[in-house]
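Structure first, commentary second.
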Amino acid sequence: MNWKEPQLFEGRNSVLKLPRFIEQQKIKRVLIVTDKGLMKLNLLAPLIRELNVYKIDCFIFDDVQPNPTIQNVEACKEMYLQNKCEAIIAFGGGSPMDCAKAAGARVVKPRKSIRKMRGYLKIHKKLPPFFAVPTTAGTGSETTLAAVISNPETHEKNAIADMCLRPKYAVLDPMLTVGLPPHITSTTGMDALTHAVEAYIGKSNVKSTIRYAEEATKLIHENLEKAYQNGGDIEARNNMLKASYLAGNAFTRAFVGYVHAIAHNLGGMYGTPHGLANAVILPYVLEWYGSKAYKKLAKLADIIEITKPEMSAEEKAKAFIAEIKRMNKAMNIPEKFDFIKEEDIPTLVERALKEGNPGYPVPKIMNKKDCEQVIRLLIA
């Protein structure tokens, strides 16, 4: 398997290095996949100007929804083909990234629907050259092999994972995240923390994923609230992009767990933003794991320096969970949700467990009763 990490362009205004590199690859026509919000903010203007300097034709698909749909993907694919594009630039948060990855997959596998790509290793074909430009520090999509696409008809999410979906190039430019609203900064940052923690406590770790998750957790703890309180803190923004990337490296190999399984289905059922869902759910699932996660959570508590030598592993683990709750509260993230409907709980349970069992290497297996119990704890 090719686990090669993306080639990185890092630092202030690093996005402007991309057009020259693309021109050197003899690519003349690119599709930029983004959303209308980013277009209105004019964030793409410098990149587009620089592409023009190098005489690279760019076509813009900006219809990506917050939870990208199958229809989004199909329209994106058609724009790529109609304009004879040779490469894709995914510009934005997790939604443009997911849409662009799935569209690239549909380009190279025109006879395979998104539904049939669901699961693991169903594409197995090289995508067009793919450049990932994150504008949030959260999803880690610029280094992951996953994409999640919604089916609005069934309110279901299609999670797709294949080696070929991992971008070959990624840009970590803190200037693109400076204008993020505080609530997007906070929820995407907690999304990155969820990636790091779920990867770390799972049972598929290797030395590299352990190192990535530990470093990401420390960076997030030290920088997220700074970025939330002062959006212009370039150092904090840069550190958060690095943390999100490291957490992405961790979970793309070590996987996630039940936080994501539940969050994906809240997103599919109610359109809940993924970062917000993860942030709210994370402490409840960690508490449910109990003693099965104490040792590893205790180590993370030591790493972020919130422990005392005389504390037991259980006390340290509980201190770590309490710190997550404190961070959420400090950044105005709610403790519970007020939109989960009683009649939807059986479907949420069934779909979450279908995703989580046996695909995620979790510390402890949930059954239907366990999953229902956790979901009920989320209800305000």
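FYI, nothing fancy with the structure tokens labels: chains A, B, ... in order, residues from 1 per chain, ligands from 1 as they appear.
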
Test item: residues at most 6 Å from region 311-317 of chain A, only C-alpha atoms, excluding those fewer than 3 positions along its chain, as an MDAnalysis selection string:
chainID A and resid 294:295 297:298 301 308 320

Near Lys336 (chain A), counting only C-alpha atoms, which residues have an atom at most 6 Å away, once you skip same-chain residues fewer than 5 positions from it, shown as number ranges by chain?
A: 378-380

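Of the residues listed (A:Tyr245, A:Tyr120, A:Phe255, A:Phe9), A:Phe255 shows the shortest atom-to-atom separation from Ile201 (chain A); distances use only C-alpha atoms.
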
Pick from A:Gly104, A:Gly202, A:Gly275, A:Pro152: nearest to Thr136 (chain A), with only C-alpha atoms counted?
A:Gly275

Just the strand (DSSP E) stuff from region 151-313 of chain A, please, per backbone DSSP, written as a ChimeraX atom specification.
/A:151,156-161,169-172

Min atom-atom distance to Leu44 (chain A) from the set A:Tyr228, A:Phe59, A:Phe337, A:Phe91, counting only C-alpha atoms, belongs to A:Phe91

Looking only at the backbone, which of the residues in region 36-247 of chain A does DSSP tag as helix (DSSP H, G or I), as a PyMOL selection string?
chain A and resi 36-40+45-53+70-82+94-108+114-117+141-143+163-165+174-176+182-201+207-229+234-247

Per-residue nearest contacts region 267-291 of chain A to region 177-197 of chain A, cut-off 8 Å, using only C-alpha atoms, as JSON lines:
{"residue": "A:His274", "atom": "CA", "partner": "A:Asp191", "partner_atom": "CA", "distance": 7.5}
{"residue": "A:Gly275", "atom": "CA", "partner": "A:Asp191", "partner_atom": "CA", "distance": 4.6}
{"residue": "A:Leu276", "atom": "CA", "partner": "A:Thr187", "partner_atom": "CA", "distance": 5.0}
{"residue": "A:Asn278", "atom": "CA", "partner": "A:Asp191", "partner_atom": "CA", "distance": 5.8}
{"residue": "A:Ala279", "atom": "CA", "partner": "A:Met190", "partner_atom": "CA", "distance": 5.3}
{"residue": "A:Leu282", "atom": "CA", "partner": "A:Thr194", "partner_atom": "CA", "distance": 6.7}

Residue nearest Ser95 (chain A) - candidates A:Ile48, A:Val107, A:Val33, A:Ile114, atoms counted: only C-alpha atoms
A:Val33

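Remark: for Gly119 (chain A), the closest of the candidate residues A:Asp233, A:Glu142, A:Glu214, A:Glu355 is A:Glu355 (distances computed over only C-alpha atoms).
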